[in-house]
Structure formats: structure tokens, C-alpha cells
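Dumped work39.tsv below, it's TSV, C-alpha atoms:
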chain	number	residue	atom	x	y	z
V	20	MET	CA	0.00	0.00	0.00
V	21	ASP	CA	1.38	3.39	-0.99
V	22	ASN	CA	1.48	5.69	2.06
V	23	THR	CA	2.91	8.64	0.18
V	24	VAL	CA	1.35	11.94	1.20
V	25	VAL	CA	1.02	14.46	-1.61
V	26	VAL	CA	1.13	18.09	-0.38
V	27	SER	CA	-0.24	20.67	-2.78
V	28	THR	CA	-0.56	24.42	-2.57
V	29	PRO	CA	-3.89	25.93	-1.47
V	30	PRO	CA	-6.71	26.37	-2.16
V	31	HIS	CA	-7.70	22.76	-1.51
V	32	VAL	CA	-11.39	23.46	-2.00
V	33	LYS	CA	-12.10	24.56	-5.54
V	34	SER	CA	-15.18	25.82	-7.34
V	35	LYS	CA	-16.15	27.23	-10.72
V	36	ARG	CA	-15.85	30.81	-9.37
V	37	THR	CA	-12.63	32.49	-10.47
V	38	THR	CA	-10.85	35.71	-9.55
V	39	ARG	CA	-11.78	37.09	-12.97
V	40	GLY	CA	-15.47	36.34	-12.40
V	41	ILE	CA	-15.41	37.94	-8.95
V	42	MET	CA	-13.72	41.08	-10.26
V	43	ILE	CA	-16.24	41.37	-13.09
V	44	ASP	CA	-19.00	41.21	-10.46
V	45	VAL	CA	-17.31	43.99	-8.48
V	46	ALA	CA	-16.97	46.10	-11.63
V	47	ILE	CA	-20.68	45.61	-12.35
V	48	ALA	CA	-21.51	46.63	-8.77
V	49	LEU	CA	-19.45	49.81	-9.23
V	50	LEU	CA	-21.30	50.80	-12.42
V	51	PRO	CA	-24.28	52.48	-10.68
V	52	SER	CA	-21.92	54.75	-8.73
V	53	ALA	CA	-19.94	55.48	-11.90
V	54	VAL	CA	-23.08	56.28	-13.89
V	55	MET	CA	-24.45	58.58	-11.18
V	56	GLY	CA	-21.06	60.24	-10.92
V	57	CYS	CA	-21.21	61.02	-14.63
V	58	VAL	CA	-24.81	62.27	-14.29
V	59	PHE	CA	-23.87	64.55	-11.38
V	60	PHE	CA	-20.47	65.80	-12.55
V	61	GLY	CA	-20.74	65.55	-16.33
V	62	TRP	CA	-18.36	64.38	-19.01
V	63	GLN	CA	-15.34	65.41	-16.93
V	64	ALA	CA	-16.14	62.57	-14.53
V	65	LEU	CA	-16.39	60.10	-17.42
V	66	LEU	CA	-12.99	61.15	-18.74
V	67	ILE	CA	-11.42	60.78	-15.29
V	68	ILE	CA	-12.91	57.29	-14.89
V	69	LEU	CA	-11.66	56.19	-18.33
V	70	MET	CA	-8.23	57.72	-17.69
V	71	SER	CA	-7.92	55.98	-14.32
V	72	VAL	CA	-8.89	52.55	-15.68
V	73	PHE	CA	-6.55	52.98	-18.65
V	74	ALA	CA	-3.64	54.02	-16.41
V	75	CYS	CA	-4.10	51.01	-14.09
V	76	VAL	CA	-4.50	48.44	-16.88
V	77	ALA	CA	-1.60	49.87	-18.90
V	78	THR	CA	0.66	49.92	-15.84
V	79	GLU	CA	-0.12	46.27	-15.11
V	80	PHE	CA	0.61	45.32	-18.72
V	81	VAL	CA	3.91	47.22	-18.90
V	82	TYR	CA	5.07	45.78	-15.56
V	83	PHE	CA	4.15	42.24	-16.65
V	84	PHE	CA	5.79	42.75	-20.06
V	85	ILE	CA	9.07	43.91	-18.52
V	86	ALA	CA	9.06	41.29	-15.73
V	87	ASN	CA	8.52	38.51	-18.29
V	88	LYS	CA	11.39	39.75	-20.49
V	89	GLY	CA	9.23	40.96	-23.34
V	90	PHE	CA	12.01	43.27	-24.49
V	91	SER	CA	14.67	40.51	-24.57
V	92	ASN	CA	16.17	39.38	-27.86
V	93	LYS	CA	14.83	42.43	-29.68
V	94	CYS	CA	11.27	41.69	-28.49
V	95	ALA	CA	11.33	38.27	-30.16
V	96	ASP	CA	8.96	36.86	-27.52
V	97	ALA	CA	6.74	39.95	-27.30
V	98	GLY	CA	3.77	38.17	-28.84
V	99	LYS	CA	4.00	35.25	-26.42
V	100	VAL	CA	4.32	37.59	-23.44
V	101	CYS	CA	1.25	39.53	-24.54
V	102	ALA	CA	-0.68	36.28	-24.94
V	103	ARG	CA	0.31	35.20	-21.43
V	104	TRP	CA	-0.79	38.55	-20.03
V	105	LEU	CA	-4.20	38.28	-21.70
V	106	LYS	CA	-4.58	34.74	-20.37
V	107	GLN	CA	-3.86	35.76	-16.78
V	108	PHE	CA	-5.70	39.13	-16.94
V	109	ASP	CA	-8.21	39.01	-14.08
V	110	PHE	CA	-9.76	42.53	-14.18
V	111	THR	CA	-8.28	43.48	-10.78
V	112	SER	CA	-6.58	46.49	-12.38
V	113	VAL	CA	-9.92	47.53	-13.90
V	114	VAL	CA	-11.56	47.43	-10.46
V	115	THR	CA	-8.65	49.37	-8.93
V	116	GLY	CA	-8.94	52.02	-11.64
V	117	LEU	CA	-12.70	52.31	-11.14
V	118	ILE	CA	-12.47	52.64	-7.36
V	119	LEU	CA	-9.59	55.12	-7.56
V	120	ALA	CA	-11.54	57.33	-9.96
V	121	LEU	CA	-14.72	57.18	-7.88
V	122	ILE	CA	-13.01	58.33	-4.68
V	123	ILE	CA	-11.47	61.49	-6.13
V	124	PRO	CA	-13.30	64.77	-6.88
V	125	VAL	CA	-13.91	66.63	-10.10
V	126	THR	CA	-12.22	69.94	-9.38
V	127	ALA	CA	-12.76	73.31	-11.03
V	128	LYS	CA	-9.57	72.75	-13.02
V	129	TRP	CA	-10.58	69.18	-13.89
V	130	TYR	CA	-7.87	68.83	-16.55
V	131	ASN	CA	-5.24	68.86	-13.80
V	132	VAL	CA	-6.71	65.65	-12.43
V	133	PHE	CA	-5.71	63.75	-15.57
V	134	TYR	CA	-1.99	63.61	-14.87
V	135	GLN	CA	-2.70	63.20	-11.16
V	136	VAL	CA	-4.92	60.17	-11.65
V	137	ILE	CA	-2.37	58.67	-14.07
V	138	ILE	CA	0.37	59.00	-11.45
V	139	GLY	CA	-1.99	57.68	-8.77
V	140	GLY	CA	-2.89	54.68	-10.94
V	141	ILE	CA	0.77	53.92	-11.66
V	142	PHE	CA	1.56	54.09	-7.93
V	143	ALA	CA	-1.41	51.88	-7.00
V	144	ILE	CA	-0.60	49.14	-9.52
V	145	ALA	CA	3.19	49.21	-9.91
V	146	ILE	CA	4.22	49.95	-6.32
V	147	VAL	CA	1.36	48.67	-4.16
V	148	LYS	CA	0.22	45.66	-6.21
V	149	MET	CA	2.77	44.33	-8.71
V	150	LEU	CA	5.90	45.04	-6.70
V	151	PHE	CA	4.61	42.73	-3.96
V	152	GLY	CA	3.78	39.90	-6.34
V	153	GLY	CA	0.53	40.82	-8.05
V	154	THR	CA	-3.06	39.86	-7.35
V	155	GLY	CA	-3.70	38.66	-3.81
V	156	LYS	CA	-0.24	39.53	-2.52
V	157	ASN	CA	-0.55	43.27	-1.92
V	158	LEU	CA	-0.28	44.37	1.71
V	159	VAL	CA	-2.77	47.23	1.46
V	160	ASN	CA	-5.69	48.12	-0.78
V	161	PRO	CA	-4.17	49.56	-3.99
V	162	ALA	CA	-6.98	52.06	-4.59
V	163	ALA	CA	-6.84	53.36	-1.01
V	164	ALA	CA	-3.06	53.69	-1.23
V	165	GLY	CA	-3.36	55.51	-4.55
V	166	ARG	CA	-5.94	57.92	-3.10
V	167	VAL	CA	-3.78	58.67	-0.05
V	168	PHE	CA	-0.75	59.14	-2.31
V	169	MET	CA	-2.67	61.61	-4.48
V	170	PHE	CA	-4.02	63.44	-1.42
V	171	LEU	CA	-0.54	63.88	0.06
V	172	SER	CA	1.17	64.66	-3.25
V	173	PHE	CA	-1.30	66.95	-4.96
V	174	ALA	CA	-3.45	68.27	-2.10
V	175	LEU	CA	-6.81	67.54	-3.71
V	176	THR	CA	-8.79	70.06	-1.69
V	177	ALA	CA	-11.37	71.41	-4.17
V	178	TYR	CA	-14.72	69.64	-4.38
V	179	THR	CA	-17.32	70.47	-7.00
V	180	ALA	CA	-21.04	70.31	-6.25
V	181	PRO	CA	-23.15	68.10	-8.55
V	182	ASN	CA	-24.96	69.60	-11.52
V	183	ILE	CA	-28.22	68.36	-9.98
V	184	GLY	CA	-28.96	69.49	-6.46
V	185	ALA	CA	-31.16	71.33	-4.01
V	186	LEU	CA	-28.35	72.93	-2.02
V	187	ASP	CA	-27.38	76.34	-3.35
V	188	LEU	CA	-23.61	76.79	-3.29
V	189	THR	CA	-22.22	80.20	-4.10
V	190	SER	CA	-19.55	79.13	-6.55
V	191	GLY	CA	-20.31	75.43	-6.98
V	192	VAL	CA	-16.87	74.60	-5.61
V	193	PHE	CA	-15.88	74.06	-2.00
V	194	THR	CA	-12.25	74.18	-0.93
V	195	GLY	CA	-11.10	72.37	2.20
V	196	PRO	CA	-9.05	69.41	3.44
V	197	THR	CA	-11.83	67.07	2.21
V	198	ASN	CA	-15.45	67.37	1.21
V	199	LEU	CA	-16.42	66.34	4.75
V	200	SER	CA	-15.06	69.41	6.50
V	201	TRP	CA	-18.00	71.55	5.34
V	202	LEU	CA	-20.52	68.83	6.23
V	203	LEU	CA	-19.44	68.78	9.87
V	204	SER	CA	-19.95	71.74	12.15
V	205	ALA	CA	-17.51	72.87	14.81
V	206	ASP	CA	-18.83	70.37	17.37
V	207	GLY	CA	-18.65	67.44	15.01
V	208	ASN	CA	-22.36	67.36	14.07
V	209	PRO	CA	-23.51	67.37	10.44
V	210	VAL	CA	-24.80	70.79	9.44
V	211	THR	CA	-28.58	71.06	9.44
V	212	LYS	CA	-28.88	72.69	6.03
V	213	VAL	CA	-28.07	69.37	4.34
V	214	SER	CA	-31.09	67.05	4.53
V	215	VAL	CA	-30.84	63.29	4.88
V	216	LEU	CA	-32.50	62.92	1.48
V	217	ASP	CA	-29.85	65.15	-0.13
V	218	LEU	CA	-27.12	63.07	1.48
V	219	PHE	CA	-28.76	59.81	0.35
V	220	LEU	CA	-29.27	60.89	-3.25
V	221	GLY	CA	-26.12	63.02	-3.43
V	222	THR	CA	-28.00	66.06	-4.71
V	223	GLY	CA	-26.29	69.33	-3.97
V	224	VAL	CA	-23.54	67.74	-1.88
V	225	ALA	CA	-20.00	68.53	-2.98
V	226	GLY	CA	-17.89	65.40	-2.95
V	227	CYS	CA	-16.08	62.72	-4.89
V	228	ILE	CA	-17.35	61.20	-8.13
V	229	GLY	CA	-18.72	57.92	-6.81
V	230	GLU	CA	-19.25	58.67	-3.14
V	231	THR	CA	-22.06	61.23	-3.34
V	232	CYS	CA	-25.01	59.05	-4.42
V	233	LYS	CA	-25.52	56.56	-1.59
V	234	ALA	CA	-28.50	54.97	-3.37
V	235	ALA	CA	-26.13	53.80	-6.14
V	236	ILE	CA	-23.68	52.43	-3.57
V	237	LEU	CA	-26.45	50.46	-1.86
V	238	LEU	CA	-27.51	49.06	-5.22
V	239	GLY	CA	-23.96	47.79	-5.70
V	240	TYR	CA	-24.00	46.35	-2.17
V	241	VAL	CA	-27.20	44.41	-2.87
V	242	TYR	CA	-25.70	43.00	-6.07
V	243	LEU	CA	-22.46	41.89	-4.36
V	244	ALA	CA	-24.36	40.33	-1.46
V	245	ALA	CA	-26.77	38.53	-3.80
V	246	ARG	CA	-23.86	37.19	-5.85
V	247	GLN	CA	-22.15	36.16	-2.58
V	248	VAL	CA	-19.04	38.11	-3.51
V	249	ILE	CA	-19.12	39.72	-0.05
V	250	LYS	CA	-20.80	38.61	3.15
V	251	TRP	CA	-23.95	40.67	3.67
V	252	TRP	CA	-23.22	41.36	7.33
V	253	GLN	CA	-19.74	42.84	6.86
V	254	PRO	CA	-20.67	46.34	5.60
V	255	LEU	CA	-23.71	46.41	7.91
V	256	LEU	CA	-21.56	45.66	10.96
V	257	PHE	CA	-19.12	48.39	9.97
V	258	ILE	CA	-21.87	50.95	9.36
V	259	ALA	CA	-23.69	50.12	12.62
V	260	VAL	CA	-20.56	50.40	14.77
V	261	PHE	CA	-19.42	53.54	12.96
V	262	GLY	CA	-22.83	55.21	13.28
V	263	PHE	CA	-23.19	54.56	17.01
V	264	THR	CA	-19.59	55.62	17.68
V	265	ALA	CA	-20.05	58.82	15.66
V	266	VAL	CA	-23.27	59.62	17.57
V	267	PHE	CA	-21.50	58.95	20.86
V	268	MET	CA	-18.65	61.26	19.89
V	269	SER	CA	-21.09	63.97	18.78
V	270	GLY	CA	-22.81	64.11	22.15
V	271	PHE	CA	-26.15	63.33	23.72
V	272	ALA	CA	-29.57	64.93	23.51
V	273	TYR	CA	-30.98	66.32	26.77
V	274	LEU	CA	-34.44	65.05	27.75
V	275	ALA	CA	-37.04	67.45	29.13
V	276	THR	CA	-37.89	64.86	31.76
V	277	GLY	CA	-34.26	64.83	32.88
V	278	GLY	CA	-31.19	62.86	31.83
V	279	TYR	CA	-29.52	62.34	28.48
V	280	ILE	CA	-30.03	59.98	25.58
V	281	PHE	CA	-28.24	59.18	22.33
V	282	ASN	CA	-29.16	61.77	19.73
V	283	MET	CA	-30.01	59.17	17.08
V	284	GLU	CA	-31.08	61.88	14.66
V	285	LEU	CA	-27.38	62.24	13.89
V	286	PHE	CA	-26.96	58.55	12.96
V	287	LEU	CA	-28.02	58.76	9.30
V	288	PRO	CA	-26.28	62.11	8.58
V	289	HIS	CA	-23.01	60.67	9.86
V	290	VAL	CA	-23.38	57.42	7.90
V	291	LEU	CA	-24.47	59.11	4.68
V	292	SER	CA	-21.82	61.85	4.70
V	293	GLY	CA	-18.39	61.47	3.17
V	294	GLY	CA	-17.08	58.20	1.77
V	295	VAL	CA	-17.82	55.88	4.70
V	296	LEU	CA	-20.51	53.87	2.93
V	297	PHE	CA	-18.45	53.47	-0.25
V	298	GLY	CA	-15.42	52.32	1.73
V	299	ALA	CA	-17.49	49.86	3.77
V	300	VAL	CA	-18.93	48.18	0.67
V	301	PHE	CA	-16.10	48.25	-1.86
V	302	MET	CA	-12.81	48.74	0.01
V	303	PHE	CA	-12.92	47.23	3.49
V	304	THR	CA	-14.24	43.99	1.94
V	305	ASP	CA	-11.19	43.46	-0.29
V	306	TYR	CA	-10.26	39.77	-0.10
V	307	SER	CA	-6.48	39.99	-0.08
V	308	THR	CA	-6.27	42.75	2.57
V	309	SER	CA	-8.89	41.56	5.07
V	310	PRO	CA	-8.77	38.75	7.66
V	311	LYS	CA	-9.67	35.20	6.69
V	312	GLY	CA	-11.51	33.98	9.80
V	313	VAL	CA	-14.96	35.12	10.93
V	314	TYR	CA	-13.83	36.31	14.38
V	315	GLY	CA	-10.89	38.14	12.81
V	316	GLN	CA	-13.27	39.81	10.36
V	317	ILE	CA	-15.56	40.94	13.18
V	318	PHE	CA	-12.62	42.51	15.00
V	319	TYR	CA	-11.38	44.06	11.74
V	320	TYR	CA	-14.68	45.79	10.93
V	321	VAL	CA	-15.41	46.89	14.48
V	322	ALA	CA	-11.92	48.34	15.01
V	323	GLY	CA	-11.95	50.02	11.61
V	324	ALA	CA	-15.37	51.57	12.22
V	325	VAL	CA	-14.37	52.95	15.61
V	326	LEU	CA	-11.14	54.40	14.20
V	327	VAL	CA	-12.94	56.10	11.31
V	328	ALA	CA	-15.55	57.62	13.63
V	329	VAL	CA	-13.07	58.84	16.24
V	330	LEU	CA	-10.49	60.21	13.80
V	331	ARG	CA	-13.15	61.85	11.65
V	332	TYR	CA	-14.61	63.57	14.73
V	333	PHE	CA	-11.27	65.10	15.73
V	334	THR	CA	-9.89	65.89	12.27
V	335	LYS	CA	-13.15	66.94	10.55
V	336	ILE	CA	-11.89	65.27	7.37
V	337	GLU	CA	-12.59	61.96	5.66
V	338	VAL	CA	-10.11	59.40	6.95
V	339	ALA	CA	-11.59	56.19	5.50
V	340	SER	CA	-8.72	55.55	3.07
V	341	PHE	CA	-6.11	56.17	5.78
V	342	VAL	CA	-7.86	53.81	8.20
V	343	ILE	CA	-8.26	51.14	5.50
V	344	MET	CA	-4.51	51.18	4.90
V	345	LEU	CA	-3.79	51.10	8.64
V	346	MET	CA	-6.13	48.17	9.27
V	347	ASN	CA	-4.70	46.34	6.24
V	348	LEU	CA	-1.27	46.41	7.85
V	349	PHE	CA	-2.67	44.76	10.98
V	350	VAL	CA	-4.37	41.92	9.08
V	351	PRO	CA	-1.40	39.48	9.46
V	352	LEU	CA	-1.50	40.04	13.24
V	353	ILE	CA	-5.27	39.60	13.31
V	354	ASP	CA	-4.98	36.32	11.41
V	355	LYS	CA	-2.25	35.21	13.81
V	356	TYR	CA	-4.22	35.75	17.01
V	357	PHE	CA	-7.73	34.98	15.70
V	358	ILE	CA	-6.97	31.43	14.61
V	359	ARG	CA	-9.44	29.85	12.24
V	360	LYS	CA	-10.89	26.42	12.79
V	361	PRO	CA	-8.99	23.96	10.54
V	362	PHE	CA	-10.94	22.72	7.54
V	363	GLY	CA	-12.77	19.51	8.39
V	364	TYR	CA	-12.07	19.82	12.14
V	365	LYS	CA	-14.72	18.45	14.51
V	366	LYS	CA	-14.57	18.93	18.25
V	367	GLU	CA	-14.36	15.66	20.12
V	368	GLY	CA	-17.20	14.84	22.46
V	369	LYS	CA	-16.62	14.57	26.20

Is it possible to give me this structure as C-alpha cells?
Amino acid sequence: MDNTVVVSTPPHVKSKRTTRGIMIDVAIALLPSAVMGCVFFGWQALLIILMSVFACVATEFVYFFIANKGFSNKCADAGKVCARWLKQFDFTSVVTGLILALIIPVTAKWYNVFYQVIIGGIFAIAIVKMLFGGTGKNLVNPAAAGRVFMFLSFALTAYTAPNIGALDLTSGVFTGPTNLSWLLSADGNPVTKVSVLDLFLGTGVAGCIGETCKAAILLGYVYLAARQVIKWWQPLLFIAVFGFTAVFMSGFAYLATGGYIFNMELFLPHVLSGGVLFGAVFMFTDYSTSPKGVYGQIFYYVAGAVLVAVLRYFTKIEVASFVIMLMNLFVPLIDKYFIRKPFGYKKEGK
């Protein structure tokens, strides 16, 4: 009898679902936000989205071409290298380009964003993704890293109001550290002149291309949950913890009968302002930069939500991308201390 044990690389449980199929689903889920971004901000938003996707895909191709010696022997193997790239192309760079474009604003001088988004896309793909080994091996979310890089390098501080909106802005452009700084008053409460409906629909709220219309984001969430690309409870857990923490940080409402109570009227304005909802659905749920076990995921989302709420209260700016990168770096430690149950393990009876 042959007792040889054959050890193969994971995954050991396989299905018909592929990385390419999952990324196509994510791209489809992002389409409502992209379409509404183009409706709100016009053809400039469409050009930025196309430029971002092109920059990310082109960077991945050039990196792959060079790494696989496409230029060797006077490009004799260029055709074969291109064929291998097309065979392994999994649409992750398309998703990165879409997300990166949707979390940046259309500024008054929108043409300046073109070279900025190209540099941001190159940084996200070449440095954050490909340099660490490609798909599934990046330490942090490439789109979040690209957004933070662009924020620190180019100081994107001008946010245009949508073409459709009920809120009357004097010049149509707000300048500040992020779009959130004008949505929060001095004490950390959302300003009363912005209604919950405006925040939900994105009408009249200056912000980033894909983060303003929360209805479109929720449509994408429903699609991803229905397709089982993400677990339905993950964004909900994040939003719930974030909302309650933000309300707690904003203060309590005084009761006429005496005592204090959570001012839950602030829950929805906090959740619907800024890019929290977009990050919860499309960025925190990234497979390669989130914990693998259920208990680790719970800790990951709870800790991330608390950090976003607390830091946003004190800084008055949107910190979702910064917190995503920070939590991504702690994922190896989370996986180390929140040990998953081994596949096929059954606890022995007493």
C-alpha cells in the first residue's frame, strides 16, 4: 500500500468561481456609482474614470511585459508575453482604476486631475500591487493607497457640487481638506442645512465622483451580497458600529424629563456623509487585505469603524482611506491571534 502523502498548494477546496469572475461582479456593482457620478459631474467625470482605468490596466501590462522579459532578444517573444498577459488578466486592475476614480473629486480645473490620476494609478498598480507579487499579494488596498498618495502629493482640496442638487452653493466649488469638512460643524455634528434625502441621493452635496449618491452604492451592495461576492453582514456591521460611535462622539440629547439619551437623529447624517458607505462596501471587503476567519473579520470591521468615527470627529476630514490602509497592515497580526478552525475539524465529544 502506498502511504505517500502528496502536499499541494492551497486552495484545496475549488469551485467554478474564479478571480476574474469575482472582479467582473465587483466592476458591475461599481457601475451604478460610476453612472451617477457622470450624471452629477458631467463628461469630466467620465474622462477621469476612463483615464484611471486605462492608467491602471496599462501599468499592469507594462510591468508584466518587462518582468517577463518581453524586451529581450529584440522583443522576439513579445507576442508570447502579450498572450500570457491576456490569459492571466483578471480585471483586478480595472476594479482598482474604477475605485480610484470614484473616490477622487472633479475639481474646477478638472484637466489637472488627468496627470494626477495617471500618477496615482501607476503608484497603485506598480508599487502597491505588482511590486509585492501581483493579485492577492498586496499588503494594502491599492486604490486606497493611490488615493492617499494623491491626497498627500497633490493636495486635492477642491470639491465640485453636482450639476443636480437642491443645495445652493455660491460658486459650486468648496475648498477644504476634504469634502467632509464643510458637512461637519464645529462640534462634530452634520450641518442642518443638508437634509438626509440630499445626502442619500447626493443632490447638492460637494464630494467625490462615486461617493455622493448613496443609493447607487447600496444598489452595488445588494448585487455583491446577492452574488455572494461579499458577506452581507460585513458592511452592515461596519456601518452600525461607525454610526453609534459617531453619535456617541457627537454628544447626547438632553431630555425634558431629565437625563440624556443618544441623539439618534445624527446617525443617518453621519453614515451618509463622506465616503464611509463606499469604503465599507467596496474597500474594506477586499479579499487579499482583510482577515480570513470570521472572528478576525468581526474585530477588523469593528476596530476600523471605531477608528474612522473617532479620527473623523477630531480631524473633521474623511479618513476612511487612511484607516483602511492602517487596518490592512494589521491583518497578518489579526490572522495570527484569531486562529481559524482547521478545515474539516470536529470537536471531540466529552

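Reported to one decimal place, the separation of atom CA of V:Gly226 from atom CA of V:Pro124 is 6.1 Å.
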
What's the separation between atom CA of V:Ile68 and atom CA of V:Phe297, in Å to one decimal place?
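Interatomic distance, atom CA of V:Ile68 to atom CA of V:Phe297: 16.1 Å.
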
Using all atoms listed in the file, find the one residue out of V:Cys94, V:Leu296, V:Leu49, V:Val350 that sits nearest to V:Phe318.
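Counting all atoms listed in the file, the residue closest to V:Phe318 is V:Val350.
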
Per residue of stretch 249-368 of chain V within 12 Å of stretch 37-45 of chain V, what are the shortest atom pair and its distance in Å to one decimal, counting only C-alpha atoms, with rows by chain and residue number, as a tab-separated table?
residue	atom	partner	partner_atom	distance
V:Ile249	CA	V:Val45	CA	9.6
V:Val300	CA	V:Val45	CA	10.2
V:Phe301	CA	V:Val45	CA	8.0
V:Met302	CA	V:Val45	CA	10.7
V:Thr304	CA	V:Val45	CA	10.9
V:Asp305	CA	V:Val45	CA	10.2
V:Tyr306	CA	V:Thr38	CA	10.3
V:Ser307	CA	V:Thr38	CA	11.3

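Going from atom CA of V:Gly323 to atom CA of V:Phe263 covers 13.3 Å.
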
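Nearest to V:Lys233 of all the residues V:Ile317, V:Val248, V:Leu117, V:Leu291 is V:Leu291, counting only C-alpha atoms.
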